[in-house]
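Engineer: Structure file upload02.csv (CSV, C-alpha atoms) right here:
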chain,number,residue,atom,x,y,z
B,26,MET,CA,-21.1,-12.6,3.1
B,27,ARG,CA,-18.4,-14.9,1.9
B,28,VAL,CA,-14.8,-14.1,1.0
B,29,SER,CA,-14.9,-16.9,-1.5
B,30,GLU,CA,-17.3,-14.9,-3.6
B,31,TYR,CA,-14.6,-12.3,-4.4
B,32,THR,CA,-12.4,-14.4,-6.7
B,33,TYR,CA,-11.5,-14.9,-10.3
B,34,HIS,CA,-8.9,-16.9,-12.3
B,35,LEU,CA,-5.6,-15.1,-12.4
B,36,PRO,CA,-3.3,-16.7,-15.0
B,37,GLU,CA,0.3,-16.8,-13.8
B,38,GLU,CA,1.5,-15.0,-17.0
B,39,ARG,CA,-0.5,-12.0,-16.0
B,40,ILE,CA,1.4,-11.4,-12.8
B,41,ALA,CA,4.1,-8.7,-13.2
B,42,LEU,CA,7.3,-10.0,-11.7
B,43,HIS,CA,9.5,-7.1,-12.7
B,44,PRO,CA,9.0,-3.3,-12.9
B,45,HIS,CA,8.2,-1.3,-16.0
B,46,THR,CA,11.4,0.1,-17.3
B,47,GLN,CA,10.0,3.6,-17.3
B,48,ARG,CA,7.6,5.2,-14.8
B,49,GLY,CA,4.3,6.2,-16.2
B,50,ALA,CA,4.6,3.6,-19.0
B,51,SER,CA,1.9,1.3,-17.6
B,52,ARG,CA,-1.6,0.9,-19.0
B,53,LEU,CA,-4.8,2.2,-17.4
B,54,LEU,CA,-8.2,0.6,-17.5
B,55,VAL,CA,-10.9,3.2,-16.7
B,56,LEU,CA,-14.1,1.8,-15.2
B,57,ASP,CA,-17.3,3.8,-14.8
B,58,LYS,CA,-18.8,2.4,-11.6
B,59,ALA,CA,-22.3,3.7,-12.5
B,60,THR,CA,-22.6,2.1,-15.9
B,61,GLY,CA,-19.8,-0.5,-16.0
B,62,GLU,CA,-18.4,1.1,-19.2
B,63,ILE,CA,-14.7,0.3,-19.8
B,64,THR,CA,-12.1,2.5,-21.5
B,65,HIS,CA,-8.5,1.6,-22.3
B,66,LYS,CA,-5.9,4.3,-21.7
B,67,ASN,CA,-2.4,4.9,-20.4
B,68,TYR,CA,-1.5,5.8,-16.8
B,69,LYS,CA,-0.6,9.3,-17.7
B,70,ASP,CA,-4.1,9.8,-19.2
B,71,MET,CA,-5.7,10.0,-15.8
B,72,THR,CA,-5.6,13.8,-16.3
B,73,ASP,CA,-8.4,13.4,-18.9
B,74,PHE,CA,-10.8,12.2,-16.2
B,75,LEU,CA,-10.1,14.9,-13.6
B,76,GLN,CA,-11.2,18.5,-13.4
B,77,ALA,CA,-10.0,21.8,-11.8
B,78,GLY,CA,-10.8,21.8,-8.1
B,79,ASP,CA,-10.4,18.0,-7.7
B,80,VAL,CA,-7.8,16.7,-5.2
B,81,VAL,CA,-5.4,13.9,-5.8
B,82,VAL,CA,-4.2,12.4,-2.5
B,83,LEU,CA,-0.9,10.5,-2.4
B,84,ASN,CA,0.8,8.4,0.3
B,85,ASP,CA,4.3,9.7,0.9
B,86,THR,CA,5.5,6.8,3.0
B,87,LYS,CA,8.9,5.4,2.2
B,88,VAL,CA,9.7,1.7,2.0
B,89,ILE,CA,12.6,0.7,4.3
B,90,LYS,CA,15.1,-2.1,3.5
B,91,ALA,CA,13.3,-4.2,6.0
B,92,ARG,CA,14.8,-7.6,5.1
B,93,LEU,CA,17.8,-8.5,7.3
B,94,ILE,CA,19.9,-11.7,7.0
B,95,THR,CA,21.5,-12.6,10.3
B,96,THR,CA,23.4,-15.6,11.8
B,97,ASN,CA,23.0,-17.2,15.2
B,98,ALA,CA,25.7,-18.5,17.5
B,99,ALA,CA,25.9,-21.8,15.6
B,100,GLY,CA,26.5,-19.9,12.3
B,101,GLN,CA,23.0,-20.7,11.0
B,102,THR,CA,21.2,-18.1,8.9
B,103,ARG,CA,18.1,-16.4,10.3
B,104,GLU,CA,16.1,-14.0,8.2
B,105,LEU,CA,14.3,-11.1,9.9
B,106,LEU,CA,11.8,-8.8,8.3
B,107,LEU,CA,11.2,-5.6,10.3
B,108,LEU,CA,7.6,-4.7,10.6
B,109,GLU,CA,6.1,-1.4,9.7
B,110,ASP,CA,6.7,1.7,11.8
B,111,HIS,CA,4.0,2.5,14.4
B,112,HIS,CA,5.6,5.8,15.4
B,113,ASN,CA,7.3,4.3,18.4
B,114,SER,CA,10.0,6.4,20.1
B,115,ASP,CA,12.5,3.6,20.7
B,116,PHE,CA,14.3,3.1,17.4
B,117,SER,CA,16.5,0.3,18.8
B,118,ARG,CA,13.6,-2.0,19.4
B,119,ARG,CA,11.0,-3.4,16.9
B,120,LYS,CA,8.9,-6.3,16.0
B,121,ALA,CA,10.0,-8.5,13.2
B,122,LEU,CA,8.8,-11.6,11.2
B,123,TYR,CA,11.4,-14.3,11.3
B,124,ARG,CA,12.3,-17.4,9.3
B,125,GLY,CA,14.0,-20.3,11.0
B,126,LYS,CA,14.0,-21.2,14.7
B,127,LEU,CA,14.4,-18.5,17.2
B,128,ARG,CA,14.4,-18.5,21.0
B,129,ALA,CA,14.0,-15.7,23.5
B,130,GLY,CA,17.3,-14.4,24.8
B,131,GLU,CA,19.5,-15.5,22.0
B,132,THR,CA,21.8,-13.2,20.1
B,133,LEU,CA,22.0,-12.9,16.3
B,134,SER,CA,24.7,-11.0,14.4
B,135,ILE,CA,24.7,-9.0,11.2
B,136,LYS,CA,28.1,-7.6,10.1
B,137,ASN,CA,29.5,-6.1,13.3
B,138,THR,CA,26.1,-5.5,15.0
B,139,PHE,CA,24.4,-7.8,17.5
B,140,VAL,CA,20.6,-8.3,17.6
B,141,LYS,CA,19.0,-9.7,20.7
B,142,VAL,CA,15.7,-11.7,20.6
B,143,GLU,CA,13.8,-10.1,23.4
B,144,SER,CA,10.7,-12.3,23.1
B,145,ILE,CA,8.8,-14.6,20.8
B,146,LEU,CA,5.3,-13.2,20.3
B,147,GLY,CA,3.7,-16.0,18.2
B,148,ASP,CA,2.6,-16.2,14.5
B,149,GLY,CA,6.2,-16.0,13.4
B,150,ILE,CA,6.8,-12.6,15.1
B,151,ALA,CA,9.6,-11.8,17.6
B,152,GLU,CA,10.5,-8.6,19.4
B,153,ILE,CA,14.2,-7.7,18.7
B,154,SER,CA,16.6,-5.0,20.0
B,155,THR,CA,20.0,-3.6,19.2
B,156,HIS,CA,22.3,-0.9,20.6
B,157,VAL,CA,21.9,1.0,17.3
B,158,ASN,CA,19.0,2.6,15.4
B,159,LEU,CA,17.3,-0.3,13.6
B,160,LEU,CA,16.2,1.8,10.7
B,161,ASP,CA,19.8,2.9,10.2
B,162,LEU,CA,20.9,-0.7,10.4
B,163,ALA,CA,18.3,-1.7,7.8
B,164,ASN,CA,19.3,1.1,5.5
B,165,GLU,CA,22.9,0.0,5.6
B,166,GLU,CA,22.6,-3.8,5.7
B,167,GLY,CA,19.1,-4.7,4.6
B,168,SER,CA,17.3,-5.3,1.3
B,169,VAL,CA,14.0,-4.4,-0.1
B,170,PRO,CA,11.3,-6.9,0.9
B,171,LEU,CA,9.7,-7.8,-2.4
B,172,PRO,CA,6.3,-9.5,-2.4
B,173,PRO,CA,6.7,-13.2,-1.9
B,174,TYR,CA,5.0,-14.2,-5.2
B,175,MET,CA,8.0,-12.7,-7.1
B,176,HIS,CA,10.2,-15.6,-5.8
B,177,ARG,CA,13.4,-13.7,-6.3
B,178,GLU,CA,16.0,-11.5,-4.5
B,179,ALA,CA,15.7,-7.7,-4.9
B,180,THR,CA,18.0,-6.1,-7.4
B,181,SER,CA,19.4,-2.6,-7.8
B,182,GLU,CA,16.5,-1.9,-10.1
B,183,ASP,CA,14.0,-2.8,-7.4
B,184,ILE,CA,15.7,-0.6,-4.8
B,185,GLU,CA,14.7,2.4,-7.0
B,186,ARG,CA,11.5,1.2,-8.6
B,187,TYR,CA,9.8,-0.3,-5.5
B,188,GLN,CA,9.6,3.3,-4.2
B,189,THR,CA,7.4,6.2,-5.2
B,190,VAL,CA,9.1,9.3,-6.6
B,191,PHE,CA,7.6,11.4,-3.7
B,192,ALA,CA,8.5,8.9,-0.9
B,193,LYS,CA,9.5,10.9,2.2
B,194,GLU,CA,8.6,9.3,5.5
B,195,PRO,CA,10.5,6.0,6.2
B,196,GLY,CA,8.4,3.2,7.8
B,197,SER,CA,6.7,0.9,5.2
B,198,VAL,CA,7.6,-2.7,4.5
B,199,ALA,CA,5.6,-2.7,1.3
B,200,ALA,CA,5.0,0.0,-1.4
B,201,PRO,CA,1.8,1.9,-2.0
B,202,THR,CA,1.9,0.3,-5.4
B,203,ALA,CA,-0.8,2.3,-7.2
B,204,SER,CA,1.5,5.3,-7.3
B,205,LEU,CA,4.7,3.5,-8.3
B,206,ASN,CA,4.1,4.8,-11.9
B,207,PHE,CA,3.3,8.3,-10.8
B,208,THR,CA,5.8,10.8,-12.1
B,209,HIS,CA,6.7,14.4,-11.4
B,210,GLU,CA,5.7,15.2,-15.0
B,211,LEU,CA,2.2,13.8,-14.3
B,212,GLU,CA,2.0,15.9,-11.1
B,213,GLN,CA,2.8,19.1,-13.1
B,214,ARG,CA,0.2,18.2,-15.7
B,215,LEU,CA,-2.4,17.8,-13.0
B,216,ILE,CA,-1.4,21.1,-11.3
B,217,GLN,CA,-1.6,22.9,-14.6
B,218,LYS,CA,-5.1,21.6,-15.0
B,219,GLY,CA,-6.1,23.1,-11.6
B,220,VAL,CA,-6.0,19.8,-9.7
B,221,HIS,CA,-4.7,20.0,-6.2
B,222,ILE,CA,-2.1,17.6,-5.0
B,223,ALA,CA,-2.2,16.6,-1.3
B,224,TYR,CA,-0.2,14.1,0.8
B,225,LEU,CA,-0.8,11.8,3.8
B,226,THR,CA,1.4,9.1,5.4
B,227,LEU,CA,0.3,5.5,6.1
B,228,HIS,CA,3.1,3.1,6.8
B,229,VAL,CA,2.1,0.0,4.9
B,230,GLY,CA,2.4,-3.3,6.7
B,231,LEU,CA,2.6,-6.9,5.4
B,232,GLY,CA,-0.9,-7.5,6.8
B,233,THR,CA,-2.2,-5.6,3.8
B,234,PHE,CA,-1.3,-8.5,1.6
B,235,LEU,CA,-1.8,-11.5,3.9
B,236,PRO,CA,-4.6,-13.9,2.8
B,237,ILE,CA,-7.9,-13.9,4.6
B,238,ARG,CA,-8.0,-17.1,6.7
B,239,SER,CA,-11.8,-17.2,7.3
B,240,ASP,CA,-14.5,-17.3,4.6
B,241,ASP,CA,-16.9,-15.2,6.7
B,242,ILE,CA,-16.0,-11.6,6.1
B,243,LYS,CA,-17.3,-10.6,9.6
B,244,GLU,CA,-14.7,-12.9,11.2
B,245,HIS,CA,-11.7,-11.1,9.5
B,246,VAL,CA,-9.8,-8.8,11.8
B,247,MET,CA,-7.9,-6.1,9.9
B,248,HIS,CA,-4.4,-5.2,10.9
B,249,SER,CA,-3.5,-1.7,12.2
B,250,GLU,CA,-1.3,0.7,10.3
B,251,TYR,CA,0.0,4.0,11.6
B,252,PHE,CA,-1.1,7.1,9.7
B,253,GLU,CA,-0.8,10.9,9.7
B,254,ILE,CA,-2.8,13.4,7.8
B,255,PRO,CA,-1.4,17.0,7.9
B,256,PRO,CA,-3.7,19.9,8.5
B,257,GLU,CA,-3.1,21.3,5.0
B,258,THR,CA,-4.4,18.1,3.5
B,259,VAL,CA,-7.5,18.1,5.7
B,260,LYS,CA,-8.2,21.7,4.7
B,261,THR,CA,-7.7,21.0,1.0
B,262,ILE,CA,-10.1,18.1,1.2
B,263,GLN,CA,-12.7,20.2,3.1
B,264,ASN,CA,-12.5,23.0,0.5
B,265,ALA,CA,-12.9,20.6,-2.3
B,266,LYS,CA,-16.0,19.0,-0.7
B,267,GLN,CA,-17.5,22.4,-0.2
B,268,ASN,CA,-17.0,23.3,-3.8
B,269,SER,CA,-18.0,20.1,-5.5
B,270,GLY,CA,-14.5,18.9,-6.2
B,271,LYS,CA,-13.8,15.2,-6.2
B,272,ILE,CA,-11.3,13.5,-3.9
B,273,VAL,CA,-9.1,11.1,-5.9
B,274,ALA,CA,-7.4,8.4,-3.8
B,275,ILE,CA,-4.2,7.1,-5.4
B,276,GLY,CA,-4.3,3.6,-4.0
B,277,THR,CA,-6.0,1.5,-1.3
B,278,THR,CA,-3.7,2.8,1.4
B,279,VAL,CA,-4.9,6.3,0.8
B,280,THR,CA,-8.5,5.1,0.7
B,281,ARG,CA,-8.3,3.3,4.0
B,282,THR,CA,-6.7,6.3,5.7
B,283,LEU,CA,-9.2,8.8,4.4
B,284,GLU,CA,-12.2,6.6,5.2
B,285,PHE,CA,-10.9,5.6,8.6
B,286,ALA,CA,-10.5,9.3,9.5
B,287,ALA,CA,-13.6,10.5,7.6
B,288,GLU,CA,-15.5,11.9,10.6
B,289,GLN,CA,-12.5,14.0,11.7
B,290,ILE,CA,-11.7,15.1,8.1
B,291,LEU,CA,-15.2,16.3,7.5
B,292,ASP,CA,-15.3,18.2,10.8
B,293,GLU,CA,-15.1,22.0,10.6
B,294,LYS,CA,-11.7,22.1,12.3
B,295,SER,CA,-8.6,21.7,10.1
B,296,GLN,CA,-6.0,19.9,12.2
B,297,ARG,CA,-3.4,17.2,12.0
B,298,ILE,CA,-5.0,13.8,12.4
B,299,SER,CA,-3.0,10.6,13.3
B,300,GLY,CA,-3.6,7.2,14.7
B,301,GLU,CA,-3.9,3.5,13.9
B,302,ALA,CA,-6.1,2.7,10.9
B,303,ASN,CA,-7.7,-0.7,11.0
B,304,ILE,CA,-10.8,-0.3,8.9
B,305,PHE,CA,-11.8,-3.3,6.8
B,306,ILE,CA,-13.7,-2.0,3.7
B,307,HIS,CA,-15.8,-4.6,1.9
B,308,PRO,CA,-19.0,-4.5,-0.2
B,309,GLY,CA,-21.8,-2.8,1.6
B,310,TYR,CA,-19.5,0.0,2.9
B,311,GLU,CA,-20.6,3.6,2.0
B,312,PHE,CA,-17.7,5.8,1.2
B,313,GLN,CA,-17.7,9.2,2.9
B,314,VAL,CA,-14.6,11.0,1.5
B,315,VAL,CA,-13.2,9.2,-1.6
B,316,ASP,CA,-15.0,9.9,-4.9
B,317,THR,CA,-12.5,8.4,-7.4
B,318,LEU,CA,-10.1,5.5,-6.9
B,319,LEU,CA,-6.9,4.7,-8.8
B,320,THR,CA,-5.7,1.2,-7.9
B,321,ASN,CA,-3.8,-1.8,-9.2
B,322,PHE,CA,-5.3,-5.2,-10.1
B,323,HIS,CA,-5.4,-7.2,-6.9
B,324,ALA,CA,-5.1,-10.9,-6.0
B,325,PRO,CA,-8.3,-13.0,-5.6
B,326,LYS,CA,-9.9,-13.1,-2.1
B,327,SER,CA,-7.7,-10.3,-0.8
B,328,THR,CA,-8.8,-7.4,1.4
B,329,VAL,CA,-7.7,-4.9,-1.3
B,330,LEU,CA,-9.8,-6.6,-3.9
B,331,MET,CA,-12.8,-6.4,-1.6
B,332,LEU,CA,-12.2,-2.7,-1.1
B,333,ALA,CA,-12.2,-2.1,-4.9
B,334,ALA,CA,-15.3,-4.3,-5.1
B,335,ALA,CA,-17.0,-2.1,-2.5
B,336,PHE,CA,-16.1,1.0,-4.5
B,337,ALA,CA,-17.0,-0.2,-8.0
B,338,GLY,CA,-19.6,-2.9,-7.3
B,339,TRP,CA,-18.4,-6.5,-7.6
B,340,PRO,CA,-20.3,-7.3,-10.9
B,341,HIS,CA,-18.7,-4.3,-12.7
B,342,LEU,CA,-15.3,-5.0,-11.1
B,343,LYS,CA,-15.3,-8.7,-12.0
B,344,ASN,CA,-16.2,-7.9,-15.6
B,345,ALA,CA,-13.4,-5.3,-15.7
B,346,TYR,CA,-10.9,-7.9,-14.4
B,347,ARG,CA,-12.0,-10.3,-17.1
B,348,GLU,CA,-11.5,-7.6,-19.7
B,349,ALA,CA,-8.1,-6.8,-18.3
B,350,ILE,CA,-7.0,-10.4,-18.5
B,351,LYS,CA,-8.3,-10.7,-22.0
B,352,GLU,CA,-6.4,-7.5,-23.0
B,353,LYS,CA,-3.2,-8.8,-21.3
B,354,TYR,CA,-2.9,-6.2,-18.6
B,355,ALA,CA,-0.2,-6.9,-16.0
B,356,PHE,CA,-1.5,-7.6,-12.4
B,357,LEU,CA,-0.3,-7.0,-8.8
B,358,SER,CA,2.4,-4.8,-7.4
B,359,TYR,CA,4.4,-4.1,-10.6
B,360,GLY,CA,1.4,-4.2,-12.8
B,361,ASP,CA,-1.0,-1.9,-14.7
B,362,SER,CA,-3.7,0.2,-13.0
B,363,MET,CA,-7.4,0.8,-13.0
B,364,LEU,CA,-9.1,4.2,-12.5
B,365,ILE,CA,-12.6,3.8,-11.0
B,366,ILE,CA,-14.7,6.9,-11.7
Output the structure of this file as structure tokens.
Structural biologist:
Amino acid sequence: MRVSEYTYHLPEERIALHPHTQRGASRLLVLDKATGEITHKNYKDMTDFLQAGDVVVLNDTKVIKARLITTNAAGQTRELLLLEDHHNSDFSRRKALYRGKLRAGETLSIKNTFVKVESILGDGIAEISTHVNLLDLANEEGSVPLPPYMHREATSEDIERYQTVFAKEPGSVAAPTASLNFTHELEQRLIQKGVHIAYLTLHVGLGTFLPIRSDDIKEHVMHSEYFEIPPETVKTIQNAKQNSGKIVAIGTTVTRTLEFAAEQILDEKSQRISGEANIFIHPGYEFQVVDTLLTNFHAPKSTVLMLAAAFAGWPHLKNAYREAIKEKYAFLSYGDSMLII
């Protein structure tokens, strides 16, 4: 199976470089994965396709201001990008992507704080340490790490909009973008309809969006991301499965988490589940937990595109992408969404 099969032509003008001014204002393409039928709706209309007893699962991770601009002893700028949280106990030490030349043992500065380069790990990653909490430092001096295709600095608007309204657990370096347009009003509409809302945490890493470097799908090694599923979410999913309710994953991060932990979730015991999810979902995969998927429109040849193709079937998904481009839907992180039922 070849990665190059999962591609399409994405016109530059279809890439959303700025957020919608109002949450919930995005469009929604609804795809029936059984028939390939396409319906055009708005994001808030997802309630029309869910029933009482269904469960909407959201990722409550919070994006940190992971981008830090430092200077070395010669006064040269060195950019650091803190990597996602893996639930380590030492908050003064973390891995970071870097731009520019670094060497082990050197000291960088940002404001009145010194950052030591402990080691160079390869692939543009270094281990760094400080005498303070790195998350606190990032929150005070860092900026939001926007996707590189936006080619611009984060603004005050991005600080608010590149974060879900229910974000709670700090640790991601990229947003779970399918839920960026989710609103509290939509949540209340779902609850009033009898739909259950459940949460899990998966700290999104940059690896989610890195290109696949080999054309053979079997050769791709998926990155690991730390996750936690609370016992109340496990129980809610179990109850829904026992009563013919559908599990609706809001985004690929939720989907990967639920499918990685599927065996434990479907076990009789309701307990907290945590670990490192590294599942690579591509066509041929049989979904065990997720019944409905809400997701954004993804880049060609990406792991998230292949996940959506596995769920919808590539012929149906490719046709839906053609329709979305024709109808001028916005693509990628700040774009419109697709509900696959």
Engineer: If we count all atoms listed in the file, what is near segment 308-325 of chain B at a cut-off of 7 Å, once residues fewer than 6 positions away on the same chain are taken out, given as a PyMOL selection string?
Structural biologist: chain B and resi 31-33+203+271-277+280+283-284+287+331+334-335+356-357+360-366
Engineer: Which residue gives the smallest distance to Tyr354 of chain B among B:His65, B:Lys58, B:Lys260, B:His34, with only C-alpha atoms counted?
Structural biologist: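 With only C-alpha atoms as the atom set, the closest residue is B:His65.
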Engineer: Using only C-alpha atoms, find the one residue out of B:Glu131, B:Asp241, B:Asp73, B:Glu62 that sits nearest to Thr96 of chain B.
Structural biologist: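 Distance minimum relative to Thr96 of chain B lands on B:Glu131.
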Engineer: At what distance in Å, to one decimal, does atom CA of Val190 of chain B lie from atom CA of Thr86 of chain B?
Structural biologist: 10.6 Å
Engineer: Pick out the closest residue to Leu171 of chain B from this set: B:Tyr359, B:Tyr224, B:Tyr68, B:Phe139. Count all atoms listed in the file.
Structural biologist: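 Closest to Leu171 of chain B of all the choices is B:Tyr359.
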Engineer: Considering all atoms listed in the file, can you say which of B:Thr132, B:Gly78, B:Val88, B:Ile150 comes closest to Val229 of chain B?
Structural biologist: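 Smallest separation from Val229 of chain B among the options: B:Val88.
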Engineer: Restricting the calculation to only C-alpha atoms: of B:Glu301, B:Glu165, B:Glu244, B:Glu143, which residue gets closest to Thr282 of chain B?
Structural biologist: B:Glu301
Engineer: Between B:Glu288, B:Glu38, B:Asp85, B:Glu166, which residue has the minimum interatomic distance to Ser134 of chain B, considering only C-alpha atoms?
Structural biologist: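 Nearest candidate to Ser134 of chain B out of B:Glu288, B:Glu38, B:Asp85, B:Glu166: B:Glu166.
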Engineer: What does the distance between atom CA of Lys243 of chain B and atom CA of Ile306 of chain B come to in Å, to one decimal place?
Structural biologist: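 So the two atoms, atom CA of Lys243 of chain B and atom CA of Ile306 of chain B, lie 11.0 Å apart.
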Engineer: Suppose you want the space between atom CA of Val246 of chain B and atom CA of Ala302 of chain B; what is it in Å?
Structural biologist: 12.1 Å
